[in-house]
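Structure below is target.cif: mmCIF, C-alpha atoms.
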data_data
loop_
_atom_site.label_atom_id
_atom_site.label_comp_id
_atom_site.auth_asym_id
_atom_site.auth_seq_id
_atom_site.Cartn_x
_atom_site.Cartn_y
_atom_site.Cartn_z
CA MET A 1 -61.99 7.86 204.26
CA ASP A 2 -64.23 5.04 205.43
CA GLY A 3 -67.15 6.74 207.17
CA ASN A 4 -67.93 3.56 209.14
CA ILE A 5 -64.74 3.59 211.23
CA PRO A 6 -65.70 3.78 214.91
CA VAL A 7 -63.90 6.78 216.38
CA GLN A 8 -64.22 5.53 219.97
CA ALA A 9 -61.95 2.54 219.41
CA CYS A 10 -59.36 3.98 221.80
CA HIS A 11 -59.04 6.93 224.16
CA PRO A 12 -55.75 8.58 223.15
CA ILE A 13 -56.10 11.64 225.41
CA THR A 14 -54.80 10.76 228.86
CA GLU A 15 -55.09 14.19 230.56
CA THR A 16 -54.96 17.88 229.71
CA VAL A 17 -53.53 21.23 230.74
CA SER A 18 -56.50 23.58 230.81
CA LYS A 19 -56.71 27.24 231.79
CA ASP A 20 -58.50 30.36 230.50
CA GLY A 21 -59.99 28.56 227.53
CA LEU A 22 -56.70 27.02 226.41
CA VAL A 23 -56.79 23.20 226.49
CA ILE A 24 -53.57 21.31 225.72
CA PRO A 25 -54.18 17.54 225.65
CA ILE A 26 -51.65 14.80 226.33
CA ILE A 27 -52.14 12.36 223.45
CA ASN A 28 -50.85 8.79 223.35
CA PHE A 29 -49.33 8.30 219.90
CA ALA A 30 -48.76 4.54 220.26
CA PRO A 31 -52.20 3.61 218.87
CA PHE A 32 -51.43 5.59 215.72
CA ARG A 33 -48.02 3.97 215.32
CA ASN A 34 -49.12 0.40 216.04
CA GLY A 35 -52.91 0.24 216.32
CA THR A 36 -55.89 -0.69 214.22
CA PRO A 37 -57.39 1.63 211.58
CA ALA A 38 -59.96 2.70 214.16
CA ASP A 39 -57.20 3.45 216.69
CA LYS A 40 -55.31 5.52 214.12
CA HIS A 41 -58.44 7.47 213.28
CA ALA A 42 -59.15 8.28 216.93
CA VAL A 43 -55.60 9.58 217.47
CA ALA A 44 -55.70 11.56 214.24
CA MET A 45 -58.97 13.24 215.21
CA SER A 46 -57.57 14.12 218.65
CA ILE A 47 -54.47 15.70 217.12
CA VAL A 48 -56.36 17.75 214.54
CA ASN A 49 -58.90 18.88 217.13
CA ALA A 50 -56.07 20.11 219.36
CA PHE A 51 -54.50 22.00 216.47
CA LYS A 52 -57.84 23.55 215.55
CA THR A 53 -58.56 24.73 219.09
CA SER A 54 -55.36 25.45 221.02
CA GLY A 55 -52.65 24.86 218.42
CA PHE A 56 -50.70 22.90 221.07
CA LEU A 57 -50.55 19.32 222.31
CA TYR A 58 -48.28 16.95 224.20
CA LEU A 59 -47.38 13.65 222.54
CA LYS A 60 -46.41 10.61 224.62
CA ASP A 61 -45.23 7.19 223.40
CA HIS A 62 -43.95 8.95 220.30
CA GLY A 63 -41.20 6.46 219.52
CA ILE A 64 -38.08 8.45 220.47
CA PRO A 65 -36.56 6.71 223.52
CA PRO A 66 -35.91 8.78 226.66
CA SER A 67 -32.31 7.55 226.60
CA VAL A 68 -31.86 9.26 223.23
CA THR A 69 -33.25 12.61 224.36
CA SER A 70 -31.14 12.44 227.53
CA ARG A 71 -28.03 11.98 225.43
CA VAL A 72 -29.02 14.90 223.20
CA PHE A 73 -29.49 17.19 226.22
CA LYS A 74 -26.16 16.10 227.68
CA SER A 75 -24.35 16.69 224.39
CA SER A 76 -26.08 20.06 223.99
CA ALA A 77 -25.00 21.19 227.47
CA SER A 78 -21.42 20.17 226.73
CA PHE A 79 -21.45 22.18 223.52
CA PHE A 80 -22.74 25.35 225.19
CA GLY A 81 -20.14 24.88 227.92
CA ARG A 82 -17.35 25.39 225.37
CA PRO A 83 -15.32 28.61 225.41
CA GLN A 84 -17.08 31.49 223.65
CA ASP A 85 -14.36 31.83 221.02
CA GLN A 86 -14.82 28.19 219.99
CA LYS A 87 -18.55 28.64 219.58
CA ASP A 88 -18.08 31.87 217.64
CA THR A 89 -15.97 30.08 215.02
CA LEU A 90 -19.14 28.12 214.17
CA GLY A 91 -21.29 31.23 213.85
CA TRP A 92 -24.64 31.49 212.05
CA THR A 93 -24.30 33.14 208.65
CA THR A 94 -27.42 33.74 206.54
CA PRO A 95 -31.19 33.10 206.57
CA GLN A 96 -30.73 30.92 203.49
CA ALA A 97 -28.37 28.62 205.39
CA ASN A 98 -29.87 28.95 208.89
CA ARG A 99 -27.07 26.85 210.29
CA GLY A 100 -24.54 27.48 213.03
CA TYR A 101 -24.14 29.03 216.46
CA VAL A 102 -26.17 32.10 217.52
CA ARG A 103 -24.74 33.97 220.48
CA THR A 104 -26.87 35.54 223.21
CA GLY A 105 -28.58 38.75 222.08
CA ARG A 106 -28.44 38.26 218.32
CA GLU A 107 -31.99 36.99 217.81
CA LYS A 108 -35.09 39.09 218.53
CA LEU A 109 -38.09 36.82 218.12
CA SER A 110 -40.91 39.21 218.95
CA THR A 111 -43.26 40.01 216.11
CA VAL A 112 -45.69 42.10 218.17
CA ASP A 113 -46.87 45.41 216.76
CA ASP A 114 -45.04 47.44 219.39
CA GLN A 115 -41.67 47.86 217.71
CA ALA A 116 -40.15 49.03 220.99
CA ASP A 117 -40.24 45.42 222.14
CA ARG A 118 -38.05 44.46 219.17
CA THR A 119 -35.13 46.32 220.77
CA ILE A 120 -35.00 43.89 223.70
CA PRO A 121 -32.86 40.87 222.73
CA ASP A 122 -33.74 37.37 223.84
CA ILE A 123 -31.61 35.92 226.65
CA LYS A 124 -30.54 32.70 225.03
CA GLU A 125 -27.95 31.12 222.78
CA SER A 126 -28.62 28.45 220.20
CA MET A 127 -27.06 26.02 217.76
CA GLU A 128 -28.91 25.58 214.45
CA ILE A 129 -28.57 22.32 212.51
CA GLY A 130 -30.15 21.83 209.09
CA ARG A 131 -30.50 18.91 206.72
CA GLU A 132 -27.07 17.42 206.10
CA GLY A 133 -25.63 17.34 202.60
CA VAL A 134 -27.32 20.39 201.07
CA GLU A 135 -24.93 21.77 198.45
CA GLY A 136 -23.48 25.13 199.45
CA LEU A 137 -25.16 25.09 202.87
CA PRO A 138 -22.95 23.02 205.18
CA ASN A 139 -23.73 22.53 208.84
CA ARG A 140 -21.29 24.16 211.24
CA TRP A 141 -20.08 21.14 213.17
CA PRO A 142 -17.50 21.18 216.00
CA ASP A 143 -16.11 17.85 214.78
CA GLN A 144 -12.83 19.51 213.74
CA LEU A 145 -12.23 20.71 217.30
CA ASP A 146 -11.93 17.45 219.22
CA GLU A 147 -13.39 13.98 219.81
CA GLU A 148 -16.27 15.42 221.79
CA GLY A 149 -17.13 17.49 218.73
CA LYS A 150 -17.19 14.34 216.60
CA ASP A 151 -19.54 12.66 219.08
CA PHE A 152 -21.77 15.78 219.08
CA LYS A 153 -22.16 15.49 215.30
CA LYS A 154 -23.02 11.79 215.51
CA VAL A 155 -25.61 12.29 218.28
CA MET A 156 -27.32 15.18 216.52
CA LEU A 157 -27.47 13.52 213.11
CA GLU A 158 -29.11 10.43 214.58
CA PHE A 159 -31.60 12.56 216.51
CA PHE A 160 -32.34 14.68 213.44
CA ASP A 161 -33.36 11.56 211.52
CA MET A 162 -35.58 10.30 214.37
CA CYS A 163 -37.36 13.65 214.53
CA LYS A 164 -37.75 13.65 210.75
CA GLU A 165 -39.58 10.31 210.93
CA LEU A 166 -41.80 11.57 213.75
CA HIS A 167 -42.64 14.66 211.68
CA ILE A 168 -43.74 12.45 208.79
CA LYS A 169 -45.91 10.34 211.11
CA VAL A 170 -47.56 13.36 212.72
CA MET A 171 -48.29 14.85 209.30
CA GLN A 172 -49.90 11.53 208.33
CA ALA A 173 -52.10 11.81 211.42
CA ILE A 174 -53.02 15.38 210.47
CA ALA A 175 -53.94 14.22 206.96
CA LEU A 176 -56.17 11.46 208.32
CA GLY A 177 -57.80 13.85 210.78
CA MET A 178 -58.54 16.31 207.96
CA ASN A 179 -60.24 13.67 205.81
CA LEU A 180 -57.31 13.49 203.40
CA PRO A 181 -55.44 10.39 202.22
CA VAL A 182 -53.10 9.38 205.03
CA HIS A 183 -50.01 9.90 202.83
CA PHE A 184 -51.18 13.25 201.45
CA PHE A 185 -48.29 15.20 203.01
CA ASP A 186 -45.54 12.62 202.41
CA GLU A 187 -44.31 14.16 199.17
CA TYR A 188 -44.20 17.57 200.88
CA VAL A 189 -42.03 16.54 203.84
CA ASP A 190 -39.93 13.58 202.68
CA LYS A 191 -36.67 15.52 202.19
CA GLY A 192 -36.46 16.64 205.80
CA ASP A 193 -35.82 20.35 205.14
CA ASN A 194 -36.12 20.92 208.87
CA ASN A 195 -34.08 22.70 211.51
CA LEU A 196 -32.82 21.24 214.79
CA ARG A 197 -32.27 24.01 217.31
CA LEU A 198 -30.42 23.42 220.55
CA LEU A 199 -31.26 26.12 223.09
CA HIS A 200 -29.50 27.27 226.23
CA TYR A 201 -31.03 29.93 228.47
CA PRO A 202 -28.19 30.89 230.84
CA ALA A 203 -28.62 31.46 234.54
CA MET A 204 -29.65 35.06 235.12
CA HIS A 205 -29.75 37.44 238.06
CA LYS A 206 -33.35 38.14 239.04
CA ASP A 207 -32.74 41.89 238.86
CA VAL A 208 -32.48 41.61 235.05
CA PHE A 209 -36.20 40.87 234.89
CA LYS A 210 -37.20 43.22 237.71
CA LYS A 211 -35.47 46.25 236.15
CA ASN A 212 -36.64 45.49 232.60
CA PRO A 213 -40.39 44.69 232.62
CA GLY A 214 -40.33 43.69 228.94
CA GLN A 215 -37.43 41.29 229.34
CA VAL A 216 -38.10 37.60 228.67
CA ARG A 217 -35.91 34.68 227.75
CA ALA A 218 -37.63 34.32 224.37
CA ALA A 219 -40.14 36.96 223.32
CA GLU A 220 -43.71 36.38 222.23
CA HIS A 221 -43.79 34.82 218.77
CA SER A 222 -45.32 32.16 216.58
CA ASP A 223 -43.27 29.52 214.77
CA TYR A 224 -42.76 29.72 211.03
CA GLY A 225 -43.11 26.24 209.56
CA SER A 226 -45.54 23.31 209.66
CA ILE A 227 -45.12 21.96 213.19
CA THR A 228 -42.52 22.19 215.94
CA LEU A 229 -41.38 19.30 218.12
CA LEU A 230 -40.19 20.69 221.44
CA PHE A 231 -38.29 18.69 224.03
CA GLN A 232 -38.14 20.49 227.40
CA ASP A 233 -36.03 20.04 230.48
CA ARG A 234 -37.74 20.15 233.88
CA ARG A 235 -37.25 23.86 234.53
CA GLY A 236 -40.30 25.18 232.70
CA GLY A 237 -40.87 28.73 231.53
CA LEU A 238 -42.67 28.04 228.22
CA GLN A 239 -46.04 29.77 228.03
CA ALA A 240 -48.80 29.83 225.39
CA ARG A 241 -51.28 32.65 224.89
CA SER A 242 -54.85 31.72 225.76
CA PRO A 243 -58.01 32.88 223.91
CA GLU A 244 -58.51 35.31 226.81
CA GLY A 245 -55.13 36.92 226.18
CA THR A 246 -53.50 35.48 229.29
CA TRP A 247 -50.37 33.34 229.45
CA VAL A 248 -50.67 29.65 230.35
CA ASP A 249 -47.72 27.54 231.51
CA VAL A 250 -46.92 24.66 229.14
CA THR A 251 -45.77 22.55 232.07
CA PRO A 252 -43.06 19.97 231.32
CA PHE A 253 -44.25 16.35 231.47
CA PRO A 254 -41.60 13.61 231.49
CA ASP A 255 -41.09 11.71 228.22
CA THR A 256 -43.50 13.85 226.22
CA VAL A 257 -42.80 16.12 223.29
CA VAL A 258 -44.71 19.38 222.99
CA ILE A 259 -46.00 19.88 219.45
CA ASN A 260 -47.38 23.15 218.19
CA ALA A 261 -48.62 24.19 214.78
CA GLY A 262 -46.66 26.83 212.87
CA ASP A 263 -47.69 29.73 210.67
CA LEU A 264 -47.13 27.91 207.40
CA LEU A 265 -49.42 25.04 208.43
CA ALA A 266 -52.06 27.56 209.53
CA ARG A 267 -51.77 29.22 206.14
CA TRP A 268 -51.79 25.84 204.37
CA SER A 269 -54.98 24.89 206.24
CA ASN A 270 -56.67 28.21 205.39
CA ASP A 271 -56.54 29.07 209.12
CA THR A 272 -58.57 26.04 210.20
CA ILE A 273 -55.46 25.13 212.23
CA LYS A 274 -54.13 27.64 214.76
CA SER A 275 -50.58 28.84 215.14
CA THR A 276 -50.62 29.99 218.74
CA ARG A 277 -48.25 32.63 220.06
CA HIS A 278 -45.90 31.60 222.84
CA ARG A 279 -42.88 32.81 224.80
CA VAL A 280 -40.28 31.71 227.36
CA ILE A 281 -40.05 33.60 230.64
CA GLU A 282 -38.03 33.14 233.82
CA PRO A 283 -38.85 29.65 235.14
CA PRO A 284 -41.42 29.14 237.87
CA LYS A 285 -40.21 28.16 241.31
CA ALA A 286 -39.64 24.42 241.58
CA PRO A 287 -42.07 22.79 244.05
CA GLY A 288 -40.54 22.42 247.48
CA SER A 289 -37.44 24.45 246.61
CA ASP A 290 -35.96 27.46 248.40
CA GLU A 291 -35.27 29.37 245.17
CA ASP A 292 -36.86 32.52 246.61
CA ASP A 293 -33.79 32.77 248.81
CA THR A 294 -31.41 33.02 245.84
CA ASP A 295 -30.62 35.96 243.57
CA MET A 296 -30.39 33.85 240.41
CA TYR A 297 -32.77 32.11 238.07
CA PRO A 298 -31.31 28.73 237.02
CA GLU A 299 -30.30 27.93 233.46
CA ARG A 300 -32.69 26.12 231.13
CA TYR A 301 -32.16 23.85 228.14
CA SER A 302 -34.59 22.85 225.44
CA VAL A 303 -34.41 21.25 222.00
CA ALA A 304 -36.71 22.39 219.21
CA TYR A 305 -37.09 20.58 215.90
CA PHE A 306 -38.71 22.99 213.46
CA CYS A 307 -40.51 21.05 210.74
CA ASN A 308 -41.08 22.51 207.29
CA PRO A 309 -42.41 21.45 203.92
CA ASN A 310 -39.64 20.70 201.41
CA MET A 311 -38.08 24.02 200.43
CA ASP A 312 -39.07 23.68 196.77
CA LYS A 313 -42.74 22.88 197.41
CA PHE A 314 -45.56 25.25 196.42
CA ILE A 315 -47.90 25.68 199.39
CA GLU A 316 -51.53 26.64 198.84
CA ALA A 317 -54.80 26.00 200.67
CA ILE A 318 -55.41 22.30 201.36
CA PRO A 319 -58.39 20.74 199.56
CA GLY A 320 -61.45 20.76 201.79
CA THR A 321 -60.47 23.91 203.71
CA TYR A 322 -62.06 26.30 201.23
CA GLY A 323 -64.80 26.36 198.62
CA GLU A 324 -68.49 26.98 198.28
CA GLY A 325 -69.78 24.40 200.78
CA GLU A 326 -71.35 25.06 204.15
CA GLY A 327 -68.86 26.31 206.73
CA LEU A 328 -66.15 26.88 204.12
CA SER A 329 -64.51 30.17 203.21
CA LYS A 330 -62.52 31.35 200.24
CA ALA A 331 -58.82 30.64 200.10
CA LYS A 332 -57.30 33.42 202.24
CA TYR A 333 -53.70 33.37 201.04
CA PRO A 334 -51.91 33.21 197.69
CA GLY A 335 -49.70 30.19 197.14
CA ILE A 336 -46.02 30.51 198.03
CA ILE A 337 -42.82 28.45 197.75
CA SER A 338 -41.98 27.03 201.17
CA GLY A 339 -38.31 28.06 201.11
CA GLU A 340 -39.11 31.62 200.05
CA TYR A 341 -41.59 32.01 202.87
CA LEU A 342 -39.17 30.72 205.51
CA VAL A 343 -36.30 32.95 204.33
CA GLN A 344 -38.63 35.97 204.51
CA ARG A 345 -39.48 35.14 208.11
CA LEU A 346 -35.89 34.45 209.14
CA SER A 347 -34.67 37.67 207.52
CA ALA A 348 -37.03 39.63 209.76
CA THR A 349 -35.81 37.83 212.89
CA TYR A 350 -32.01 38.32 212.72
#

Would you write out, as structure tokens, the structure that this file holds?
Amino acid sequence: MDGNIPVQACHPITETVSKDGLVIPIINFAPFRNGTPADKHAVAMSIVNAFKTSGFLYLKDHGIPPSVTSRVFKSSASFFGRPQDQKDTLGWTTPQANRGYVRTGREKLSTVDDQADRTIPDIKESMEIGREGVEGLPNRWPDQLDEEGKDFKKVMLEFFDMCKELHIKVMQAIALGMNLPVHFFDEYVDKGDNNLRLLHYPAMHKDVFKKNPGQVRAAEHSDYGSITLLFQDRRGGLQARSPEGTWVDVTPFPDTVVINAGDLLARWSNDTIKSTRHRVIEPPKAPGSDEDDTDMYPERYSVAYFCNPNMDKFIEAIPGTYGEGEGLSKAKYPGIISGEYLVQRLSATY
């Protein structure tokens, strides 16, 4: 990398969420997509710094139009509004496939040491969509059901490809921010072995949470892959664990995508990047609302795009994250095939 690039060419961080030592910046990605080399460098450094400190950031001007995400949320809501028996015909099968519908109560995300918490199922349902065209691992589309099902497939395939391109761009920024060639990760992520997860947290009676202190909508966990792109609705409820052990609201901001680092990227970076634990609880009261007068928490929708290295790639510590130099440590983890690692993690979840 050219050491003479001025890193103050632009100011990509517009504001932050900050509490209890956890700082989540809102980063403008437009200068990386369209700016000068100095602009790209400044954005890249901001992204990597966020991943090294909090493991979370918001990305604005990321290139996916709001009209597209609105259509995805609308199509997702229509899918989850289908009769249960229709959704069950598209059911999730195996960790190797990781495709299809997951009914409420099947997934237990928590990986905390207290195994008692593993007995409390998450209050959500999801639809998992993988890379299209993988032999022997077909997606479970509702396109055979009706015209709406055909439109659902079209919307989700287009969105999947947009998120794939954003994943590649963010990984290029991470490479630049880690003093690697900007295209270092391209060969690791070009296939798009990623997972698009549509999530629906149904409306719930408040007594469910009052009578079960350990009950959450999605239990405390860390993500498995490289990064996650999360598109939230306005309800809220996502929280990240701070360095002080408290929970900090990852407040929804319009037209931003929340990006967090996953366990495999932390491992890949020899733990120089953090994979921060997070959860989804009952949503906070909307400002100015009279929700305290109701017995129900409203439903919530979100869309997560879980990004992974290509399933056949061997993942080991990135050059520059280990060695004999000052501030460097030994490589902490043995190398592993990406697909094998992800199947191990999924097998423990379902």

Open item on the list: So, with all atoms listed in the file as the atoms that count, which of A:Gly177, A:Gly91, A:Pro37, A:Pro31 lies closest to A:His62?
Closed with: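 Among the listed residues, A:Pro31 lies closest to A:His62.
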
TODO: May I ask which of the residues A:Leu145, A:Ala261, A:Ala348, A:Ala175 is the closest one to A:Ala50, counting only C-alpha atoms?
DONE: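 Of A:Leu145, A:Ala261, A:Ala348, A:Ala175, the one nearest A:Ala50, counting only C-alpha atoms, is A:Ala261.
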
- [ ] Would you kindly return, as a PyMOL selection string, each protein, DNA or RNA residue with an atom no farther than 10 Å from any atom of A:Cys10, considering all atoms listed in the file and excluding same-chain residues fewer than 6 positions away?
- [x] chain A and resi 28+31+35-36+38-43

Keeping only C-alpha atoms, write those residues as a PDB file, in the coordinates of the input.
ATOM      1  CA  ASN A  28     -50.850   8.790 223.350  1.00  0.00           C
ATOM      2  CA  PRO A  31     -52.200   3.610 218.870  1.00  0.00           C
ATOM      3  CA  GLY A  35     -52.910   0.240 216.320  1.00  0.00           C
ATOM      4  CA  THR A  36     -55.890  -0.690 214.220  1.00  0.00           C
ATOM      5  CA  ALA A  38     -59.960   2.700 214.160  1.00  0.00           C
ATOM      6  CA  ASP A  39     -57.200   3.450 216.690  1.00  0.00           C
ATOM      7  CA  LYS A  40     -55.310   5.520 214.120  1.00  0.00           C
ATOM      8  CA  HIS A  41     -58.440   7.470 213.280  1.00  0.00           C
ATOM      9  CA  ALA A  42     -59.150   8.280 216.930  1.00  0.00           C
ATOM     10  CA  VAL A  43     -55.600   9.580 217.470  1.00  0.00           C
TER      11      VAL A  43
END

Open item on the list: Using the chain letters and numbers from this file, what does the PyMOL selection byres ((chain A and resi 89) around 12) select? Give the answer as number ranges by chain.
Closed with: A: 82-88, 90-93, 100-103, 140-142, 144-145

TODO: Using the chain letters and residue numbers of this document, give as a PyMOL selection string the residues selected by the PyMOL selection byres ((chain A and resi 126) around 9).
DONE: chain A and resi 80+100-104+124-125+127-128+197-201

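Residues matched by the PyMOL selection byres ((chain A and resi 340-345) around 9) in this file are Pro95, Gln96, Asn98, Tyr224, Gly225, Leu264, Asn308, Met311, Asp312, Ile336, Ile337, Ser338, Gly339, Leu346, Ser347, Ala348 and Thr349 of chain A.
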
- [ ] Kindly give the distance, in Å, that separates atom CA of A:Met178 and atom CA of A:Arg267, rounded to a single decimal.
- [x]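 Between atom CA of A:Met178 and atom CA of A:Arg267 the gap is 14.7 Å.
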
- [ ] For A:Ile129, please output as a PyMOL selection string all residues within 6 Å (counting all atoms listed in the file; exclusion window: fewer than 5 positions along the same chain).
- [x] chain A and resi 99+195-196

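Closest approach to A:Gln215 among A:Ile47, A:Lys150, A:Pro121, A:Gln172 is made by A:Pro121 (distances from only C-alpha atoms).
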
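Nearest to A:Phe253 of all the residues A:Lys60, A:Lys164, A:Lys211, A:His11 is A:Lys60, counting all atoms listed in the file.
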
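When atom CA of A:Ser222 is paired with atom CA of A:Thr94, their separation reads 20.6 Å.
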
TODO: Provide the atom CA of A:Lys274 to atom CA of A:Val216 distance in Å, to one decimal place.
DONE: 23.4 Å

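If all atoms listed in the file are the atoms counted, then among A:Leu238, A:Val155, A:Met296, A:Val258 the closest residue to A:Leu57 is A:Val258.
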
TODO: For each of A:Thr294, A:Ser329, A:Met162, A:Asp207, take the minimum atom-to-atom distance to A:Pro65, counting all atoms listed in the file, then give the residue where this is smallest.
DONE: A:Met162

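Non-sequential neighbours of A:Tyr333 (distance at most 9 Å, separation of 4 or more positions within a chain, all atoms listed in the file) are Arg267, Trp268, Asn270, Glu316 and Ala317 of chain A.
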
Open item on the list: Set the distance at 6 Å and use only C-alpha atoms: which residues neighbour stretch 184-194 of chain A once local chain neighbours fewer than 3 positions away are removed? I'd like the list as an MDAnalysis selection string.
Closed with: chainID A and resid 131 164 181 306:310
